[in-house]
>>> print(open('structure-v9.txt').read())   # compact mmCIF, C-alpha atoms
# COMPACT_ATOMS: atom_id res chain seq x y z
CA MET A 1 -43.82 10.78 -10.92
CA TRP A 2 -42.68 7.84 -8.79
CA ASN A 3 -40.12 6.90 -11.46
CA LEU A 4 -38.66 10.39 -11.26
CA MET A 5 -38.47 10.23 -7.48
CA GLU A 6 -37.00 6.73 -7.52
CA ALA A 7 -34.31 7.80 -9.97
CA GLY A 8 -33.45 10.75 -7.76
CA LEU A 9 -33.19 8.56 -4.68
CA LYS A 10 -31.09 5.94 -6.49
CA HIS A 11 -28.65 8.50 -7.86
CA ASN A 12 -28.08 9.82 -4.35
CA ASP A 13 -28.00 6.44 -2.67
CA LEU A 14 -25.75 7.37 0.26
CA VAL A 15 -27.81 10.49 1.00
CA THR A 16 -30.97 8.36 0.83
CA ALA A 17 -29.38 5.98 3.34
CA PHE A 18 -28.62 8.86 5.74
CA ALA A 19 -32.25 10.01 5.58
CA PHE A 20 -33.60 6.48 5.91
CA VAL A 21 -31.44 5.55 8.90
CA GLY A 22 -32.29 8.89 10.49
CA VAL A 23 -35.99 8.04 10.25
CA ILE A 24 -35.36 4.58 11.75
CA MET A 25 -33.44 6.18 14.64
CA TRP A 26 -36.23 8.68 15.23
CA ILE A 27 -38.93 5.97 15.25
CA SER A 28 -36.78 3.89 17.63
CA VAL A 29 -36.26 6.74 20.10
CA VAL A 30 -40.01 7.46 20.10
CA LEU A 31 -40.80 3.74 20.59
CA SER A 32 -38.23 3.54 23.38
CA LYS A 33 -39.81 6.48 25.21
CA ARG A 34 -43.49 5.69 24.65
CA LEU A 35 -43.53 1.90 24.70
CA THR A 36 -40.77 0.94 27.12
CA PHE A 37 -40.47 4.23 29.06
CA GLY A 38 -36.76 4.36 28.27
CA ARG A 39 -36.02 0.92 29.67
CA ILE A 40 -34.88 -0.43 26.31
CA HIS A 41 -32.35 1.86 24.66
CA GLY A 42 -33.42 3.51 21.39
CA SER A 43 -30.29 2.21 19.66
CA ALA A 44 -31.17 -1.37 20.61
CA ILE A 45 -34.60 -1.00 19.02
CA ALA A 46 -33.03 0.60 15.92
CA ILE A 47 -30.63 -2.34 15.54
CA VAL A 48 -33.48 -4.85 15.85
CA ILE A 49 -35.47 -2.89 13.23
CA GLY A 50 -32.36 -3.00 11.03
CA LEU A 51 -32.11 -6.78 11.40
CA VAL A 52 -35.81 -7.23 10.61
CA LEU A 53 -35.42 -5.03 7.51
CA ALA A 54 -32.39 -7.13 6.53
CA TRP A 55 -34.58 -10.21 6.72
CA VAL A 56 -37.27 -8.52 4.63
CA GLY A 57 -34.70 -7.42 2.04
CA GLY A 58 -33.11 -10.87 1.92
CA THR A 59 -36.48 -12.57 1.51
CA LEU A 60 -37.62 -10.18 -1.24
CA THR A 61 -34.47 -10.30 -3.35
CA GLY A 62 -32.90 -13.63 -2.39
CA GLY A 63 -29.59 -11.81 -2.09
CA GLN A 64 -26.99 -11.92 0.64
CA LYS A 65 -26.80 -8.30 1.73
CA GLY A 66 -30.18 -7.80 3.33
CA LEU A 67 -31.84 -4.47 2.63
CA ALA A 68 -28.82 -3.28 0.59
CA ASP A 69 -29.81 -5.68 -2.21
CA ILE A 70 -32.88 -3.58 -2.97
CA SER A 71 -31.49 -1.03 -5.42
CA LEU A 72 -33.37 1.83 -3.75
CA PHE A 73 -31.48 1.12 -0.53
CA SER A 74 -28.07 0.32 -2.00
CA GLY A 75 -26.66 3.28 -0.06
CA ILE A 76 -27.24 1.29 3.14
CA GLY A 77 -24.53 -1.04 1.85
CA LEU A 78 -22.04 1.82 1.67
CA MET A 79 -23.11 3.45 4.91
CA GLY A 80 -22.99 0.22 6.91
CA GLY A 81 -20.09 -1.29 4.97
CA ALA A 82 -16.69 -2.11 6.38
CA MET A 83 -15.13 1.21 5.28
CA LEU A 84 -17.42 3.63 7.10
CA ARG A 85 -17.87 1.20 9.99
CA ASP A 86 -14.12 1.06 10.67
CA PHE A 87 -13.81 4.83 10.15
CA ALA A 88 -16.52 5.50 12.74
CA ILE A 89 -15.19 2.93 15.25
CA VAL A 90 -11.72 4.48 15.11
CA ALA A 91 -13.29 7.90 15.74
CA THR A 92 -14.85 6.61 18.98
CA ALA A 93 -11.30 6.03 20.29
CA PHE A 94 -11.07 9.80 20.67
CA GLU A 95 -12.99 9.49 23.92
CA VAL A 96 -10.88 6.65 25.32
CA GLN A 97 -9.00 7.43 28.50
CA ALA A 98 -5.57 5.98 27.82
CA THR A 99 -4.93 5.11 31.47
CA GLU A 100 -8.13 3.04 31.69
CA ALA A 101 -7.26 1.12 28.54
CA ARG A 102 -3.74 0.40 29.79
CA LYS A 103 -5.00 -0.84 33.18
CA ALA A 104 -7.19 -3.45 31.49
CA GLY A 105 -4.52 -4.56 29.01
CA LEU A 106 -3.57 -7.91 30.52
CA ILE A 107 -7.08 -9.02 31.45
CA GLY A 108 -8.19 -7.94 27.96
CA ALA A 109 -5.58 -10.21 26.38
CA LEU A 110 -6.69 -13.11 28.57
CA ALA A 111 -10.33 -12.48 27.59
CA LEU A 112 -9.27 -12.48 23.94
CA LEU A 113 -7.70 -15.93 24.23
CA LEU A 114 -10.68 -17.34 26.16
CA GLY A 115 -13.02 -15.73 23.62
CA THR A 116 -11.39 -17.77 20.86
CA VAL A 117 -10.99 -21.09 22.66
CA LEU A 118 -14.32 -21.34 24.55
CA PRO A 119 -16.69 -20.78 21.58
CA PHE A 120 -14.52 -23.08 19.50
CA ILE A 121 -14.92 -25.89 22.05
CA VAL A 122 -18.69 -25.35 22.22
CA GLY A 123 -19.04 -25.28 18.41
CA ALA A 124 -16.85 -28.36 17.98
CA CYS A 125 -18.81 -30.32 20.62
CA ILE A 126 -22.16 -29.43 18.99
CA ALA A 127 -20.79 -30.47 15.59
CA TRP A 128 -19.70 -33.78 17.13
CA ALA A 129 -23.11 -34.24 18.76
CA PHE A 130 -24.82 -33.76 15.38
CA GLY A 131 -22.76 -36.49 13.77
CA TYR A 132 -19.83 -34.69 12.20
CA ARG A 133 -16.84 -36.96 12.72
CA ASP A 134 -14.06 -35.56 10.49
CA ALA A 135 -11.57 -33.07 11.92
CA VAL A 136 -12.02 -30.60 9.04
CA SER A 137 -15.80 -30.18 9.50
CA ILE A 138 -15.58 -30.07 13.30
CA THR A 139 -12.83 -27.42 13.17
CA THR A 140 -14.72 -25.30 10.62
CA ILE A 141 -17.98 -25.30 12.57
CA GLY A 142 -16.08 -24.62 15.79
CA ALA A 143 -14.30 -21.71 14.12
CA GLY A 144 -17.68 -20.38 12.93
CA ALA A 145 -18.72 -20.15 16.58
CA VAL A 146 -15.79 -17.74 17.10
CA THR A 147 -16.87 -15.25 14.39
CA TYR A 148 -18.48 -15.48 10.98
CA ILE A 149 -15.20 -14.48 9.37
CA VAL A 150 -13.01 -16.97 11.24
CA GLY A 151 -15.32 -19.83 10.10
CA PRO A 152 -14.95 -19.43 6.31
CA VAL A 153 -11.27 -18.39 6.54
CA THR A 154 -10.49 -21.53 8.53
CA GLY A 155 -12.69 -23.69 6.31
CA ALA A 156 -10.97 -22.42 3.17
CA ALA A 157 -7.53 -23.00 4.66
CA ILE A 158 -8.13 -26.63 5.67
CA GLY A 159 -10.39 -27.54 2.73
CA ALA A 160 -13.89 -27.87 4.19
CA SER A 161 -16.93 -28.54 1.96
CA SER A 162 -19.10 -25.56 1.02
CA ASP A 163 -22.15 -26.64 3.03
CA VAL A 164 -20.01 -26.90 6.17
CA VAL A 165 -18.58 -23.45 5.44
CA ALA A 166 -22.13 -22.09 4.99
CA LEU A 167 -23.06 -23.68 8.31
CA SER A 168 -20.11 -22.07 10.05
CA ILE A 169 -21.02 -18.65 8.61
CA ALA A 170 -24.61 -19.13 9.81
CA THR A 171 -23.32 -20.00 13.29
CA GLY A 172 -21.19 -16.86 13.43
CA LEU A 173 -24.03 -14.68 12.12
CA ILE A 174 -26.51 -15.99 14.69
CA LYS A 175 -23.89 -15.41 17.37
CA ALA A 176 -23.37 -11.80 16.23
CA ILE A 177 -27.13 -11.19 16.19
CA LEU A 178 -27.54 -12.74 19.66
CA VAL A 179 -24.74 -10.52 21.01
CA MET A 180 -26.30 -7.40 19.40
CA VAL A 181 -29.75 -8.07 20.83
CA GLY A 182 -28.81 -9.78 24.10
CA THR A 183 -26.09 -7.44 25.40
CA PRO A 184 -28.35 -4.61 26.62
CA MET A 185 -30.53 -7.15 28.42
CA ALA A 186 -27.64 -8.95 30.14
CA ALA A 187 -25.49 -5.85 30.65
CA ARG A 188 -26.19 -5.44 34.35
CA TRP A 189 -25.70 -9.15 35.06
CA MET A 190 -22.35 -9.13 33.24
CA GLY A 191 -21.25 -6.02 35.14
CA LEU A 192 -20.95 -4.00 31.92
CA ASP A 193 -20.66 -0.52 33.39
CA ASN A 194 -16.96 0.25 33.26
CA PRO A 195 -14.16 0.35 30.68
CA ARG A 196 -12.44 -2.70 32.12
CA SER A 197 -15.44 -5.02 31.82
CA ALA A 198 -16.16 -3.56 28.36
CA MET A 199 -12.67 -4.64 27.25
CA VAL A 200 -13.21 -8.11 28.73
CA PHE A 201 -16.57 -8.23 26.94
CA GLY A 202 -14.95 -7.20 23.64
CA GLY A 203 -12.38 -9.95 23.94
CA LEU A 204 -14.81 -12.68 24.92
CA ALA A 205 -17.90 -11.92 22.87
CA GLY A 206 -16.01 -11.50 19.60
CA THR A 207 -17.30 -10.13 16.27
CA VAL A 208 -16.71 -6.38 16.05
CA SER A 209 -20.24 -5.93 14.72
CA GLY A 210 -21.93 -7.79 17.57
CA VAL A 211 -19.76 -6.26 20.30
CA THR A 212 -19.97 -2.66 19.17
CA ALA A 213 -23.68 -2.80 18.37
CA GLY A 214 -24.37 -4.45 21.72
CA LEU A 215 -22.31 -1.89 23.62
CA ALA A 216 -23.78 1.01 21.63
CA ALA A 217 -27.20 -0.09 22.79
CA THR A 218 -25.98 -0.43 26.39
CA ASP A 219 -23.79 2.63 26.98
CA ARG A 220 -22.37 4.51 24.01
CA ARG A 221 -19.23 5.52 25.92
CA LEU A 222 -18.16 1.88 26.36
CA VAL A 223 -18.01 1.22 22.59
CA PRO A 224 -14.33 2.18 22.05
CA TYR A 225 -13.09 -0.02 24.93
CA GLY A 226 -14.95 -3.07 23.65
CA ALA A 227 -13.93 -2.39 20.05
CA LEU A 228 -10.28 -2.08 21.06
CA THR A 229 -10.10 -5.77 22.06
CA ALA A 230 -12.79 -7.13 19.71
CA THR A 231 -10.84 -5.95 16.69
CA PHE A 232 -8.05 -8.40 17.53
CA HIS A 233 -10.59 -11.20 17.94
CA THR A 234 -11.05 -12.11 14.28
CA GLY A 235 -7.31 -11.92 13.61
CA LEU A 236 -6.49 -14.20 16.53
CA GLY A 237 -9.22 -16.64 15.47
CA CYS A 238 -7.93 -16.75 11.89
CA LEU A 239 -4.45 -17.33 13.29
CA LEU A 240 -5.36 -20.18 15.70
CA GLY A 241 -8.26 -21.81 13.77
CA PRO A 242 -6.47 -23.41 10.83
CA SER A 243 -3.30 -24.10 12.84
CA LEU A 244 -3.24 -24.94 16.54
CA LEU A 245 -6.96 -25.63 17.02
CA TYR A 246 -7.14 -27.79 13.86
CA PHE A 247 -4.12 -29.84 14.96
CA ILE A 248 -5.65 -30.39 18.40
CA VAL A 249 -8.98 -31.52 16.91
CA ARG A 250 -7.15 -33.80 14.46
CA GLY A 251 -5.19 -35.25 17.37
CA ILE A 252 -8.40 -36.02 19.26
CA VAL A 253 -10.65 -37.42 16.51
CA GLY A 254 -7.84 -38.96 14.47
CA MET B 1 -10.36 23.61 10.37
CA ILE B 2 -12.72 20.65 10.60
CA ILE B 3 -10.99 18.87 7.74
CA TYR B 4 -7.82 18.58 9.85
CA GLY B 5 -9.73 16.41 12.31
CA VAL B 6 -11.29 14.29 9.55
CA ALA B 7 -7.90 13.94 7.84
CA LEU B 8 -6.22 12.95 11.11
CA LEU B 9 -8.88 10.29 11.60
CA ALA B 10 -8.49 9.08 8.00
CA ILE B 11 -4.69 8.89 8.26
CA CYS B 12 -4.89 6.93 11.54
CA THR B 13 -7.51 4.55 10.08
CA LEU B 14 -5.52 3.92 6.89
CA ALA B 15 -2.22 3.47 8.76
CA GLY B 16 -3.87 1.04 11.20
CA VAL B 17 -5.60 -1.02 8.52
CA ILE B 18 -2.42 -1.24 6.42
CA MET B 19 -0.39 -2.27 9.48
CA GLY B 20 -3.06 -4.86 10.34
CA ASP B 21 -2.83 -6.28 6.82
CA MET B 22 0.95 -6.38 7.04
CA LEU B 23 0.74 -8.14 10.40
CA GLY B 24 -1.61 -10.68 8.79
CA VAL B 25 0.87 -11.35 5.98
CA LEU B 26 3.74 -11.63 8.48
CA LEU B 27 1.80 -14.18 10.53
CA GLY B 28 0.63 -16.03 7.43
CA VAL B 29 -3.06 -15.33 8.16
CA LYS B 30 -5.61 -14.53 5.46
CA SER B 31 -7.11 -11.68 7.42
CA ASN B 32 -6.46 -8.29 8.93
CA VAL B 33 -4.96 -8.65 12.41
CA GLY B 34 -6.15 -5.90 14.73
CA GLY B 35 -6.07 -3.15 12.11
CA VAL B 36 -8.85 -1.12 13.68
CA GLY B 37 -7.35 -1.60 17.13
CA ILE B 38 -3.97 -0.33 15.94
CA ALA B 39 -5.71 2.65 14.32
CA MET B 40 -7.50 3.43 17.59
CA ILE B 41 -4.23 3.33 19.54
CA LEU B 42 -2.62 5.63 16.94
CA LEU B 43 -5.49 8.09 17.28
CA ILE B 44 -5.24 8.06 21.10
CA PHE B 45 -1.51 8.82 20.88
CA ALA B 46 -2.05 11.49 18.22
CA LYS B 47 -4.61 13.17 20.47
CA LEU B 48 -2.31 13.10 23.53
CA TRP B 49 0.60 14.43 21.47
CA MET B 50 -1.43 17.24 19.90
CA HIS B 51 -2.89 18.23 23.26
CA LYS B 52 0.62 18.58 24.67
CA ARG B 53 1.79 20.67 21.73
CA GLY B 54 -1.38 22.72 21.73
CA GLY B 55 -2.19 21.85 18.11
CA MET B 56 -5.67 20.52 18.90
CA THR B 57 -8.33 23.10 18.08
CA LYS B 58 -12.03 22.83 18.79
CA ASP B 59 -12.79 22.53 15.07
CA CYS B 60 -10.28 19.74 14.70
CA GLU B 61 -11.96 17.81 17.53
CA LEU B 62 -15.33 18.41 15.85
CA GLY B 63 -14.10 16.66 12.71
CA VAL B 64 -13.36 13.48 14.67
CA GLY B 65 -16.26 13.85 17.11
CA PHE B 66 -18.81 13.94 14.29
CA TRP B 67 -17.75 10.52 13.00
CA GLY B 68 -17.66 9.11 16.51
CA ALA B 69 -21.25 10.27 16.99
CA MET B 70 -22.25 8.79 13.60
CA TYR B 71 -21.24 5.40 14.89
CA ILE B 72 -24.67 4.19 16.02
CA PRO B 73 -26.46 5.09 12.75
CA VAL B 74 -23.65 3.31 10.87
CA VAL B 75 -24.24 0.24 13.05
CA VAL B 76 -27.97 0.36 12.26
CA ALA B 77 -27.14 0.44 8.54
CA MET B 78 -24.74 -2.47 9.14
CA ALA B 79 -27.49 -4.46 10.88
CA ALA B 80 -29.79 -3.79 7.92
CA GLN B 81 -27.41 -5.52 5.52
CA GLN B 82 -26.65 -8.69 7.49
CA ASN B 83 -27.49 -11.98 5.83
CA VAL B 84 -30.26 -12.71 8.33
CA VAL B 85 -32.04 -15.11 5.96
CA ALA B 86 -28.95 -17.32 5.70
CA ALA B 87 -28.41 -17.17 9.45
CA LEU B 88 -31.97 -18.40 10.07
CA HIS B 89 -31.53 -21.16 7.48
CA GLY B 90 -28.54 -22.62 9.31
CA GLY B 91 -30.69 -25.09 11.23
CA PRO B 92 -30.25 -26.48 14.74
CA VAL B 93 -26.47 -26.98 14.58
CA ALA B 94 -25.86 -23.29 13.91
CA VAL B 95 -28.47 -22.11 16.42
CA LEU B 96 -27.26 -24.39 19.22
CA ALA B 97 -23.57 -23.66 18.62
CA ALA B 98 -24.28 -19.92 18.61
CA ILE B 99 -26.46 -19.97 21.74
CA GLY B 100 -24.00 -22.24 23.55
CA SER B 101 -20.99 -20.08 22.84
CA VAL B 102 -22.83 -16.85 23.72
CA VAL B 103 -24.03 -18.30 27.04
CA ILE B 104 -20.57 -19.66 27.97
CA CYS B 105 -18.89 -16.36 27.07
CA GLY B 106 -21.55 -14.39 28.97
CA CYS B 107 -20.94 -16.45 32.10
CA THR B 108 -17.18 -15.99 31.77
CA ILE B 109 -17.60 -12.21 31.38
CA ALA B 110 -19.84 -12.10 34.46
CA LEU B 111 -17.25 -14.15 36.40
CA ILE B 112 -14.29 -11.97 35.38
CA SER B 113 -16.28 -8.78 36.08
CA ARG B 114 -17.06 -10.00 39.58
CA ILE B 115 -13.45 -10.96 40.37
CA HIS B 116 -11.87 -7.91 38.72
CA LYS B 117 -14.20 -5.05 39.44
CA GLY B 118 -13.42 -1.88 37.45
CA GLU B 119 -14.42 1.67 38.28
CA PRO B 120 -17.82 2.48 36.72
CA LEU B 121 -17.91 5.47 34.39
CA PRO B 122 -19.35 8.58 36.06
CA ASP B 123 -22.91 9.42 35.07
CA GLU B 124 -23.16 11.46 31.92
CA PRO B 125 -24.19 15.07 32.64
CA VAL B 126 -27.14 15.45 30.24
CA ASP B 127 -28.03 12.19 28.58
CA SER B 128 -31.47 12.76 27.12
CA VAL B 129 -30.22 12.69 23.53
CA PRO B 130 -27.14 10.44 23.57
CA ILE B 131 -26.67 10.58 19.82
CA THR B 132 -25.93 14.28 19.77
CA ALA B 133 -24.29 14.49 23.18
CA ALA B 134 -20.74 13.80 22.03
CA ALA B 135 -20.84 15.52 18.67
CA GLY B 136 -19.01 18.59 19.90
CA GLY B 137 -16.39 16.79 21.94
CA ARG B 138 -14.99 18.44 25.04
>>> encode(input="structure-v9.txt", output="structure tokens")
Amino acid sequence: MWNLMEAGLKHNDLVTAFAFVGVIMWISVVLSKRLTFGRIHGSAIAIVIGLVLAWVGGTLTGGQKGLADISLFSGIGLMGGAMLRDFAIVATAFEVQATEARKAGLIGALALLLGTVLPFIVGACIAWAFGYRDAVSITTIGAGAVTYIVGPVTGAAIGASSDVVALSIATGLIKAILVMVGTPMAARWMGLDNPRSAMVFGGLAGTVSGVTAGLAATDRRLVPYGALTATFHTGLGCLLGPSLLYFIVRGIVG
Amino acid sequence: MIIYGVALLAICTLAGVIMGDMLGVLLGVKSNVGGVGIAMILLIFAKLWMHKRGGMTKDCELGVGFWGAMYIPVVVAMAAQQNVVAALHGGPVAVLAAIGSVVICGCTIALISRIHKGEPLPDEPVDSVPITAAAGGR
């Protein structure tokens, strides 16, 4: 009986994922209402549940794709993969007010530059403090603090060792998770209630996944503004990491 | 027809991603440069243009609005497939570098928001079920 059901669920993996995520969302909204009286947004709870499930999946299978490595939940991989994620982010742009986005253009660009340089400096300093002395390792770990894609791309370009690359990916992943979970809590303090600050946030906080999940849990309508700048974040990091930033680090540590 | 909206969204997404890839190749970067951002700008312009010409029907908006409203569930699925185990195995270097950069960026955001105050969005009319609120579009 279970085998029959399992086969049915596996054959319709994307549909299974829709049903499964729907149940998670429903549980989260109920928890948000009953447990926190609406103070913590249902989406924030759903994202945390997702991360916990990813940990469970990763521990059970030893794979790299969290819950999606369990064959029953392989549809989660498609539903939350880059293709549908980008498709859905672009759709949110439909609610963007063009005038608002244009007003924040310059400050958004400045935030984007700061969002690449500041985390890089922090990451590089921590790497130095933990005894890394070669320019390649320092640059790769610093780039990982920008996003978890910039880290490995930079590391591959300048020839970092695989454990340093793994470290830089871990740094970027922890950063993305912190942004996802921390944004709703710090939203008021950061002044995240208008399109302009959302675009600054997108430029500075980096990682499309962290930014958009964090904003989704704060105020759904801010997502497109943050995503608009965040999407340039990884590209800019990949551009500056292996070139300008690497040369500067090499100039300093020799 | 709803499919017109979905197709418009798909065409904008594909055009943006391809342009982002081309920009990456032009700049000599092994990554997509702003593909999704370009796609979003294309969609905003397409919407303005179609509104002016009167080609935007309610059904067409529904086709895009549905995917916009699916965004949060997609993000939950995305969270469920992160490599959390690897992230937690990174050790103190990864944790400290991540916390440090998040705190510094948070402070900078707070600073910029205080200097450059934007207009807050007006309160949403009925916001009891945010997931379904935008599905229909305006």
>>> residues_around(input="structure-v9.txt", residues="stretch 94-96 of chain B", least_positions_apart="2", cutoff="10 Å", atoms="all atoms listed in the file", output="list in words")
Val122, Gly123, Ile126, Ala127, Ile141, Gly144, Ala145, Ala166, Leu167, Ser168, Ile169, Ala170, Thr171, Gly172, Leu173, Ile174, Lys175 and Leu178 of chain A; Ala87, Leu88, His89, Gly90, Gly91, Pro92, Ala98, Ile99, Gly100, Ser101 and Val102 of chain B
>>> residues_around(input="structure-v9.txt", residues="A:Ile49", least_positions_apart="3", cutoff="8 Å", atoms="all atoms listed in the file", output="list in words")
Ile24, Ile45, Ala46, Val52 and Leu53 of chain A; Ala80 of chain B
>>> interface_residues(input="structure-v9.txt", of="chain B", to="chain A", cutoff="7 Å", atoms="all atoms listed in the file", output="VMD selection string")
chain B and resid 9 13 29 to 34 36 to 37 39 to 40 43 to 44 64 to 65 67 to 68 70 to 87 90 93 to 95 97 to 102 105 to 106 109 to 110 113 118 to 121
>>> atom_distance(input="structure-v9.txt", atom1="atom CA of A:Met185", atom2="atom CA of B:Cys107")
13.9 Å
>>> atom_distance(input="structure-v9.txt", atom1="atom CA of A:Leu14", atom2="atom CA of A:Ser71")
11.7 Å
>>> atom_distance(input="structure-v9.txt", atom1="atom CA of A:Val249", atom2="atom CA of B:Gly35")
28.9 Å
>>> closest_residue(input="structure-v9.txt", among="A:Leu244, A:Ser28, A:Asp134, A:Leu9", to="A:Leu72", atoms="only C-alpha atoms")
A:Leu9
>>> closest_residue(input="structure-v9.txt", among="B:Leu62, B:Leu8, B:Val17, B:Ile104", to="B:Ala46", atoms="all atoms listed in the file")
B:Leu8
>>> build_atoms(input="structure-v9.txt", residues="stretch 33-57 of chain A", atoms="N, CA and C atoms", output="compact mmCIF listing (two decimals), in the frame of the given file")
# COMPACT_ATOMS: atom_id res chain seq x y z
N LYS A 33 -39.23 5.60 24.19
CA LYS A 33 -39.81 6.48 25.21
C LYS A 33 -41.25 6.12 25.53
N ARG A 34 -42.06 5.90 24.46
CA ARG A 34 -43.49 5.69 24.65
C ARG A 34 -43.82 4.29 25.11
N LEU A 35 -43.14 3.29 24.50
CA LEU A 35 -43.53 1.90 24.70
C LEU A 35 -42.82 1.28 25.89
N THR A 36 -41.52 1.60 26.05
CA THR A 36 -40.77 0.94 27.12
C THR A 36 -40.37 1.93 28.21
N PHE A 37 -40.80 3.17 28.10
CA PHE A 37 -40.47 4.23 29.06
C PHE A 37 -38.96 4.31 29.30
N GLY A 38 -38.21 4.18 28.21
CA GLY A 38 -36.76 4.36 28.27
C GLY A 38 -36.01 3.16 28.80
N ARG A 39 -36.73 2.07 29.11
CA ARG A 39 -36.02 0.92 29.67
C ARG A 39 -35.17 0.23 28.62
N ILE A 40 -35.69 0.11 27.40
CA ILE A 40 -34.88 -0.43 26.31
C ILE A 40 -34.34 0.74 25.51
N HIS A 41 -33.03 0.75 25.32
CA HIS A 41 -32.35 1.86 24.66
C HIS A 41 -32.83 2.02 23.21
N GLY A 42 -32.99 3.26 22.76
CA GLY A 42 -33.42 3.51 21.39
C GLY A 42 -32.53 2.83 20.37
N SER A 43 -31.20 2.82 20.62
CA SER A 43 -30.29 2.21 19.66
C SER A 43 -30.55 0.71 19.54
N ALA A 44 -30.91 0.07 20.67
CA ALA A 44 -31.17 -1.37 20.61
C ALA A 44 -32.37 -1.65 19.72
N ILE A 45 -33.41 -0.82 19.85
CA ILE A 45 -34.60 -1.00 19.02
C ILE A 45 -34.25 -0.76 17.56
N ALA A 46 -33.41 0.29 17.30
CA ALA A 46 -33.03 0.60 15.92
C ALA A 46 -32.28 -0.58 15.29
N ILE A 47 -31.40 -1.22 16.08
CA ILE A 47 -30.63 -2.34 15.54
C ILE A 47 -31.54 -3.52 15.22
N VAL A 48 -32.54 -3.76 16.11
CA VAL A 48 -33.48 -4.85 15.85
C VAL A 48 -34.30 -4.53 14.59
N ILE A 49 -34.73 -3.28 14.45
CA ILE A 49 -35.47 -2.89 13.23
C ILE A 49 -34.58 -3.14 12.01
N GLY A 50 -33.29 -2.76 12.13
CA GLY A 50 -32.36 -3.00 11.03
C GLY A 50 -32.28 -4.47 10.65
N LEU A 51 -32.20 -5.34 11.67
CA LEU A 51 -32.11 -6.78 11.40
C LEU A 51 -33.39 -7.30 10.74
N VAL A 52 -34.55 -6.80 11.21
CA VAL A 52 -35.81 -7.23 10.61
C VAL A 52 -35.86 -6.78 9.15
N LEU A 53 -35.44 -5.54 8.89
CA LEU A 53 -35.42 -5.03 7.51
C LEU A 53 -34.45 -5.86 6.65
N ALA A 54 -33.34 -6.29 7.26
CA ALA A 54 -32.39 -7.13 6.53
C ALA A 54 -33.04 -8.44 6.13
N TRP A 55 -33.87 -8.97 7.03
CA TRP A 55 -34.58 -10.21 6.72
C TRP A 55 -35.57 -9.98 5.59
N VAL A 56 -36.30 -8.85 5.68
CA VAL A 56 -37.27 -8.52 4.63
C VAL A 56 -36.56 -8.39 3.28
N GLY A 57 -35.45 -7.62 3.28
CA GLY A 57 -34.70 -7.42 2.04
C GLY A 57 -34.19 -8.73 1.47
